[in-house]
Structure formats: C-alpha cells, structure tokens
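Colleague: As input, take upload_6.cif (mmCIF, C-alpha atoms (C1' of nucleotides)):
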```cif
data_entry
#
loop_
_atom_site.label_atom_id
_atom_site.label_comp_id
_atom_site.auth_asym_id
_atom_site.auth_seq_id
_atom_site.Cartn_x
_atom_site.Cartn_y
_atom_site.Cartn_z
CA MET N 1 -101.81 92.22 30.56
CA PRO N 2 -103.79 90.10 28.09
CA ALA N 3 -107.24 91.12 26.91
CA LEU N 4 -110.14 89.01 28.08
CA THR N 5 -111.55 86.54 25.55
CA ALA N 6 -115.08 85.99 24.33
CA ASP N 7 -115.05 82.72 26.32
CA PHE N 8 -114.71 84.71 29.52
CA PHE N 9 -118.07 86.33 28.82
CA ALA N 10 -119.82 83.19 27.54
CA ARG N 11 -120.86 82.30 31.10
CA PRO N 12 -123.74 83.26 33.40
CA ALA N 13 -123.70 87.04 33.95
CA VAL N 14 -123.81 86.64 37.73
CA GLU N 15 -120.54 84.69 37.51
CA VAL N 16 -118.87 87.08 35.07
CA ALA N 17 -119.81 90.17 37.10
CA PRO N 18 -117.68 89.55 40.22
CA ASP N 19 -114.86 88.18 38.06
CA LEU N 20 -114.69 91.56 36.29
CA LEU N 21 -113.79 93.34 39.53
CA GLY N 22 -110.10 94.15 39.36
CA CYS N 23 -110.00 93.83 35.57
CA VAL N 24 -108.99 96.88 33.60
CA LEU N 25 -110.83 98.94 30.98
CA GLN N 26 -108.54 100.49 28.40
CA ARG N 27 -109.38 103.36 26.10
CA ALA N 28 -106.92 103.36 23.21
CA GLY N 29 -107.09 104.93 19.79
CA ALA N 30 -108.05 108.31 21.21
CA ARG N 31 -105.44 111.05 21.33
CA GLU N 32 -105.04 110.45 25.04
CA PRO N 33 -105.24 106.88 26.35
CA ARG N 34 -107.11 106.14 29.55
CA VAL N 35 -107.00 103.13 31.89
CA GLY N 36 -109.38 102.31 34.72
CA ARG N 37 -109.73 99.43 37.14
CA ILE N 38 -113.27 98.03 37.41
CA VAL N 39 -114.53 98.31 41.00
CA GLU N 40 -118.33 98.06 40.69
CA VAL N 41 -120.63 96.09 38.35
CA GLU N 42 -124.20 94.83 38.07
CA ALA N 43 -125.61 91.79 36.27
CA TYR N 44 -128.83 91.95 34.22
CA LEU N 45 -130.39 88.71 33.06
CA GLY N 46 -132.33 87.80 29.95
CA ASP N 47 -134.12 84.63 30.95
CA GLY N 48 -137.37 86.29 32.05
CA SER N 49 -136.48 86.14 35.76
CA ASP N 50 -135.24 89.74 35.88
CA PRO N 51 -137.91 92.40 35.24
CA ALA N 52 -135.34 95.18 35.80
CA SER N 53 -133.34 94.07 32.75
CA HIS N 54 -133.65 95.87 29.43
CA ALA N 55 -133.90 92.40 27.89
CA HIS N 56 -137.06 91.58 29.83
CA SER N 57 -139.47 92.58 27.05
CA GLY N 58 -137.41 91.12 24.23
CA PRO N 59 -135.27 92.79 21.57
CA THR N 60 -135.89 96.37 20.47
CA PRO N 61 -133.77 98.66 18.27
CA ARG N 62 -132.17 100.08 21.39
CA ASN N 63 -131.21 96.85 23.20
CA ARG N 64 -130.49 94.80 20.07
CA SER N 65 -126.83 94.20 20.90
CA MET N 66 -127.77 92.66 24.25
CA PHE N 67 -128.98 89.68 22.25
CA GLY N 68 -125.81 89.50 20.17
CA PRO N 69 -122.68 87.41 20.81
CA PRO N 70 -120.93 87.52 24.20
CA GLY N 71 -117.88 89.73 24.62
CA ARG N 72 -119.35 92.75 22.86
CA PHE N 73 -120.51 96.05 24.28
CA TYR N 74 -124.09 97.08 24.83
CA VAL N 75 -124.14 100.88 25.13
CA TYR N 76 -127.42 102.71 25.68
CA ARG N 77 -128.50 106.27 26.38
CA SER N 78 -129.93 106.73 29.85
CA MET N 79 -132.63 109.32 30.54
CA GLY N 80 -131.95 110.75 27.11
CA ILE N 81 -128.68 112.26 28.27
CA HIS N 82 -126.03 109.91 29.63
CA HIS N 83 -124.50 106.71 28.32
CA CYS N 84 -124.10 103.41 30.13
CA LEU N 85 -121.59 100.68 29.24
CA ASN N 86 -122.40 96.95 29.41
CA ILE N 87 -120.70 93.80 28.21
CA VAL N 88 -122.86 91.01 26.78
CA CYS N 89 -122.62 87.61 28.50
CA GLN N 90 -123.85 84.04 27.98
CA PRO N 91 -124.59 82.46 24.60
CA GLN N 92 -125.86 84.68 21.80
CA GLY N 93 -129.59 85.37 21.94
CA GLU N 94 -130.03 85.12 25.72
CA GLY N 95 -129.89 88.86 26.42
CA ALA N 96 -127.73 88.87 29.58
CA ALA N 97 -125.13 91.53 30.30
CA VAL N 98 -122.98 93.15 32.96
CA LEU N 99 -123.17 96.91 33.55
CA ILE N 100 -119.87 98.62 34.37
CA ARG N 101 -120.83 101.00 37.18
CA ALA N 102 -117.53 102.43 38.47
CA LEU N 103 -113.81 102.56 37.78
CA GLU N 104 -110.71 103.49 39.69
CA PRO N 105 -108.79 105.70 37.24
CA LEU N 106 -105.19 104.53 36.75
CA ARG N 107 -104.01 106.45 33.68
CA GLY N 108 -105.26 109.41 31.67
CA LEU N 109 -106.21 111.61 34.61
CA ALA N 110 -105.28 114.73 32.63
CA ILE N 111 -107.83 114.20 29.86
CA ILE N 112 -110.41 112.84 32.32
CA ARG N 113 -110.18 116.01 34.40
CA ARG N 114 -110.73 118.06 31.27
CA LEU N 115 -113.90 116.12 30.54
CA ARG N 116 -115.23 116.04 34.10
CA SER N 117 -114.87 118.33 37.08
CA GLY N 118 -114.67 117.42 40.75
CA ARG N 119 -112.47 115.42 43.05
CA GLU N 120 -110.70 112.31 41.85
CA SER N 121 -113.23 110.04 43.56
CA ASP N 122 -116.02 111.81 41.65
CA LEU N 123 -114.66 111.29 38.13
CA THR N 124 -115.69 107.71 37.35
CA ASN N 125 -117.92 106.61 40.26
CA GLY N 126 -121.09 106.06 38.23
CA PRO N 127 -122.10 104.45 34.92
CA GLY N 128 -122.75 107.76 33.16
CA LYS N 129 -119.70 109.41 34.67
CA LEU N 130 -117.24 106.77 33.49
CA CYS N 131 -118.64 106.93 29.97
CA GLN N 132 -118.09 110.68 29.98
CA ALA N 133 -114.55 110.22 31.31
CA PHE N 134 -113.64 107.52 28.78
CA GLY N 135 -115.40 109.04 25.77
CA VAL N 136 -117.87 106.17 25.47
CA ASP N 137 -120.96 106.79 23.34
CA LEU N 138 -123.28 104.89 21.01
CA ARG N 139 -120.46 104.37 18.49
CA PHE N 140 -119.27 101.56 20.72
CA ASP N 141 -122.61 99.77 20.86
CA GLY N 142 -122.18 96.26 19.44
CA ARG N 143 -118.39 96.49 19.15
CA SER N 144 -115.99 93.95 20.60
CA ALA N 145 -114.91 94.35 24.23
CA THR N 146 -111.82 92.20 23.69
CA ARG N 147 -109.89 94.37 21.20
CA GLY N 148 -109.92 97.73 19.45
CA GLU N 149 -110.25 101.25 20.84
CA LEU N 150 -112.02 100.10 23.97
CA PHE N 151 -111.39 96.73 25.58
CA VAL N 152 -111.03 94.92 28.90
CA CYS N 153 -107.95 93.03 30.09
CA THR N 154 -107.02 91.09 33.20
CA GLY N 155 -105.90 93.06 36.23
CA THR N 156 -102.28 93.58 37.12
CA THR N 157 -102.91 93.00 40.81
CA ALA N 158 -105.00 90.52 42.71
CA PRO N 159 -108.09 91.98 44.38
CA GLU N 160 -106.75 93.55 47.55
CA ARG N 161 -110.15 94.20 49.10
CA PRO N 162 -113.05 91.83 49.75
CA ILE N 163 -115.92 91.75 47.25
CA ARG N 164 -119.34 92.75 48.53
CA ARG N 165 -122.75 92.07 47.06
CA SER N 166 -125.98 94.09 47.25
CA PRO N 167 -129.22 94.89 45.40
CA ARG N 168 -128.79 96.94 42.24
CA ILE N 169 -128.98 100.72 42.27
CA GLY N 170 -131.56 102.94 40.63
CA ILE N 171 -134.16 100.29 39.79
CA SER N 172 -137.69 99.87 41.12
CA LYS N 173 -138.32 96.29 40.04
CA ALA N 174 -136.57 93.13 41.26
CA THR N 175 -134.97 95.02 44.13
CA GLU N 176 -134.64 91.76 46.04
CA LEU N 177 -132.09 90.39 43.58
CA ARG N 178 -128.55 91.03 44.76
CA TYR N 179 -126.77 91.33 41.45
CA ARG N 180 -124.53 94.29 42.32
CA PHE N 181 -120.89 93.49 43.11
CA PHE N 182 -118.28 95.97 44.32
CA GLU N 183 -115.00 96.25 46.15
CA ALA N 184 -115.35 96.94 49.85
CA ASP N 185 -114.12 100.32 51.06
CA ASN N 186 -113.11 101.53 47.63
CA PRO N 187 -113.66 105.31 47.39
CA HIS N 188 -114.44 105.03 43.66
CA VAL N 189 -117.74 103.13 43.94
CA THR N 190 -121.12 104.82 43.58
CA PRO N 191 -121.93 107.00 46.59
CA HIS N 192 -125.14 107.19 48.69
CA ARG N 193 -128.12 104.96 47.68
"C1'" DC D 1 -152.25 109.50 20.14
"C1'" DC D 2 -150.92 110.68 24.86
"C1'" DA D 3 -148.98 109.71 29.39
"C1'" DT D 4 -145.48 107.88 31.99
"C1'" DA D 5 -141.40 105.50 33.61
"C1'" DG D 6 -136.66 104.82 33.30
"C1'" DA D 7 -129.87 100.35 34.77
"C1'" DT D 8 -128.58 109.01 35.71
"C1'" DT D 9 -126.50 113.14 36.89
"C1'" DG D 10 -125.93 117.83 38.47
"C1'" DA D 11 -127.92 122.03 40.03
"C1'" DC D 12 -130.48 124.05 43.38
"C1'" DT D 13 -133.60 124.98 48.04
"C1'" DG R 1 -133.99 116.93 50.35
"C1'" DT R 2 -136.35 118.31 45.15
"C1'" DC R 3 -136.26 118.57 40.23
"C1'" DA R 4 -135.24 119.09 35.24
"C1'" DA R 5 -132.71 117.61 31.14
"C1'" DT R 6 -134.09 114.54 26.89
"C1'" DC R 7 -134.84 110.06 24.37
"C1'" DT R 8 -136.75 105.21 24.14
"C1'" DA R 9 -140.18 102.00 25.04
"C1'" DT R 10 -144.55 100.57 26.88
"C1'" DG R 11 -149.36 100.63 28.02
"C1'" DG R 12 -153.85 102.57 27.76
"C1'" DA R 13 -157.61 105.46 25.30
#
```
The structure in this file should be written as structure tokens.

Modeller:
Amino acid sequence: MPALTADFFARPAVEVAPDLLGCVLQRAGAREPRVGRIVEVEAYLGDGSDPASHAHSGPTPRNRSMFGPPGRFYVYRSMGIHHCLNIVCQPQGEGAAVLIRALEPLRGLAIIRRLRSGRESDLTNGPGKLCQAFGVDLRFDGRSATRGELFVCTGTTAPERPIRRSPRIGISKATELRYRFFEADNPHVTPHR
DNA sequence: CCATAGATTGACT
DNA sequence: GTCAATCTATGGA
C-alpha cells in the first residue's frame, strides 16, 4: 500500500488523528522488519487552546520538531525512560501533532517478542511499549514519516470496527477535551484508565 | 539554585 | 492499589 503524503498531515490534528486509525506503521531498514496497524491515537494542539500539549509553552530543544513541517516525527523521552512517537500535523510552525498510542502487530512478532515480554495484546498497547517493540528512539525525531526506515502507509483493509472518542490518557490538564480516538473492542488498545 | 510535575511502564504489597 | 526509574522543562526563592 502507498505511503501517506505530507499533504495528509497538513490538516487539523483532530481530523488527521481518526483518519490514522487503520493505517499501518512500517519499520524497515532494521534486520527484522515490523508492521503494525494503528488502533489508538491522540491529538495535541499548538494554538494555545490545549494546555496538555508539549507545544503549549512554545518551542524548546526537546519539542523543536513539533514546530517543523507536517509529516515528520516528533519523538520525545517520557519520564526519562520511555519514548513516545508523534507525527507533526498542520502547517509548519503551529506545533500540532498526533501521538501514536497503540498498534495491532501484523508482522515481525518474532523480533517484537524478543524485545518485549508478555501476551500478544501486551506488546504494543501503549506509546512507550510500541516504541520499544519497533525500535523507535530519538534518532527518529524530526525524520520523515512518509519514507525511510520508519513510515506510515494506508491500511489494507477498511476499518472493521467503529471508532470511539474519549478524553486523553495520562494528563491532568485539559481533561475535558476528547482528543483520543481508538477502535472499539480492539484488544490492542491501552488497558485500564 | 531547588522543587516539582510529567502525553509511562513494570514491579511489588 | 502504591511507587520508583530518570530526564526535561517550568516556576519560585
């Protein structure tokens, strides 16, 4: 299937986010390729209306790529330990992005199981977990999400489950904003909350 | 300078 | 349920 284009991401993040459900993240270039279907995302805005967004206080060395061109990755280290994978949206300079929160693994289960333990539904059902499983780290920060070793392409199947919407997970500000989108009844989305 | 919170996870009581 | 790991950024003294 074709890779997504920068145009796809040059739209409001709350529109891009649900459209990413069912699209596919591909890890190439590594010794063992991995493919995962996106099943859970969250939008973070940069227009000042979203105090939970890393962009809310303007650019810093860490969030710099959030303010770069759309269609590139913003990867940051969370709690000093884990990595989280975003894709920049909207015109350059606005600071909006979509966080990839969970995948349904389609290919590369062998290497993924070597990198992470647990049941299949526990391998990529969280932003830090999927980065571990797909070998995503700060090297990918600022790189293109439409080509290269890590990129997103359109899904091979239409969404077979309804899309649900909810407040975002793990934040304490702007909890009234329902910018989380996920596939209903998919066992690979984030548990509890 | 120091304290604290954070788009998380896994280990433990 | 609680809590620590470890790094970045912010806000106050």

Colleague: Using only C-alpha atoms (C1' of nucleotides), which chain D residues lie at most 8 Å away from chain N, written as a list of chain:residue names?

Modeller: D:DG6, D:DA7, D:DT8, D:DT9

Colleague: With the cut-off set at 10 Å and counting all atoms listed in the file, tabulate each residue of chain R with an atom at most that distance from an atom of chain N, showing the nearest atom pair and its distance in Å to one decimal, ordered by chain and increasing number, as CSV.

Modeller:
```
residue,atom,partner,partner_atom,distance
R:DA5,C1',N:Ile81,CA,7.3
R:DT6,C1',N:Gly80,CA,4.4
R:DC7,C1',N:Gly80,CA,4.0
R:DT8,C1',N:Arg62,CA,7.4
R:DA9,C1',N:Thr60,CA,8.4
R:DT10,C1',N:Ser57,CA,9.5
```

Colleague: Evaluate the PyMOL selection byres ((chain N and resi 176-183) around 6) here and jot the selected residues down as a PDB file with C-alpha atoms, in the frame of the given file.

Modeller:
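And here is the file that came out, result_16.pdb:
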```pdb
ATOM      1  CA  PRO N  18    -117.680  89.550  40.220  1.00  0.00           C
ATOM      2  CA  VAL N  39    -114.530  98.310  41.000  1.00  0.00           C
ATOM      3  CA  GLU N  40    -118.330  98.060  40.690  1.00  0.00           C
ATOM      4  CA  VAL N  41    -120.630  96.090  38.350  1.00  0.00           C
ATOM      5  CA  GLU N  42    -124.200  94.830  38.070  1.00  0.00           C
ATOM      6  CA  ALA N  43    -125.610  91.790  36.270  1.00  0.00           C
ATOM      7  CA  ILE N 163    -115.920  91.750  47.250  1.00  0.00           C
ATOM      8  CA  ARG N 164    -119.340  92.750  48.530  1.00  0.00           C
ATOM      9  CA  ARG N 165    -122.750  92.070  47.060  1.00  0.00           C
ATOM     10  CA  SER N 166    -125.980  94.090  47.250  1.00  0.00           C
ATOM     11  CA  PRO N 167    -129.220  94.890  45.400  1.00  0.00           C
ATOM     12  CA  ARG N 168    -128.790  96.940  42.240  1.00  0.00           C
ATOM     13  CA  ALA N 174    -136.570  93.130  41.260  1.00  0.00           C
ATOM     14  CA  THR N 175    -134.970  95.020  44.130  1.00  0.00           C
ATOM     15  CA  ALA N 184    -115.350  96.940  49.850  1.00  0.00           C
ATOM     16  CA  ASN N 186    -113.110 101.530  47.630  1.00  0.00           C
TER      17      ASN N 186
END
```

Colleague: With the file shown as input, list the residues that the PyMOL selection byres ((chain N and resi 143) around 6) selects, as a short mmCIF file (atom, residue, chain, number, x, y, z; two decimals) with C-alpha atoms, in the frame of the given file.

Modeller:
```
data_model
loop_
_atom_site.label_atom_id
_atom_site.label_comp_id
_atom_site.auth_asym_id
_atom_site.auth_seq_id
_atom_site.Cartn_x
_atom_site.Cartn_y
_atom_site.Cartn_z
CA ARG N 72 -119.35 92.75 22.86
CA PHE N 73 -120.51 96.05 24.28
CA PHE N 140 -119.27 101.56 20.72
CA ASP N 141 -122.61 99.77 20.86
CA GLY N 142 -122.18 96.26 19.44
CA SER N 144 -115.99 93.95 20.60
#
```

Colleague: Tell me, as a PDB file with C-alpha atoms (C1' of nucleotides), keeping the file's coordinate frame, which residues lie within 12 Å of DA3 (chain D), counting all atoms listed in the file; anything in the same chain fewer than 5 positions away does not count.

Modeller:
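Generated file (selection37.pdb):
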```pdb
ATOM      1  C1'  DT R  10    -144.550 100.570  26.880  1.00  0.00           C
ATOM      2  C1'  DG R  11    -149.360 100.630  28.020  1.00  0.00           C
ATOM      3  C1'  DG R  12    -153.850 102.570  27.760  1.00  0.00           C
ATOM      4  C1'  DA R  13    -157.610 105.460  25.300  1.00  0.00           C
TER       5       DA R  13
END
```

Colleague: Near Arg31 (chain N), counting all atoms listed in the file, which residues have an atom at most 12 Å away, once you skip same-chain residues fewer than 6 positions from it, shown as a PyMOL selection string?

Modeller: chain N and resi 108+110-111+134-135+149

Colleague: For the atom pair CA of Glu104 (chain N) and CA of Ser121 (chain N), what is the interatomic distance in Å to one decimal place?

Modeller: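 It comes out at 8.0 Å.
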
Colleague: Skip Val152 (chain N) itself and residues of its chain fewer than 3 positions away, then list as number ranges by chain all residues within 10 Å of it, counting only C-alpha atoms (C1' of nucleotides).

Modeller: N: 1-5, 20, 23-27, 35-38, 71, 87, 144-148, 155
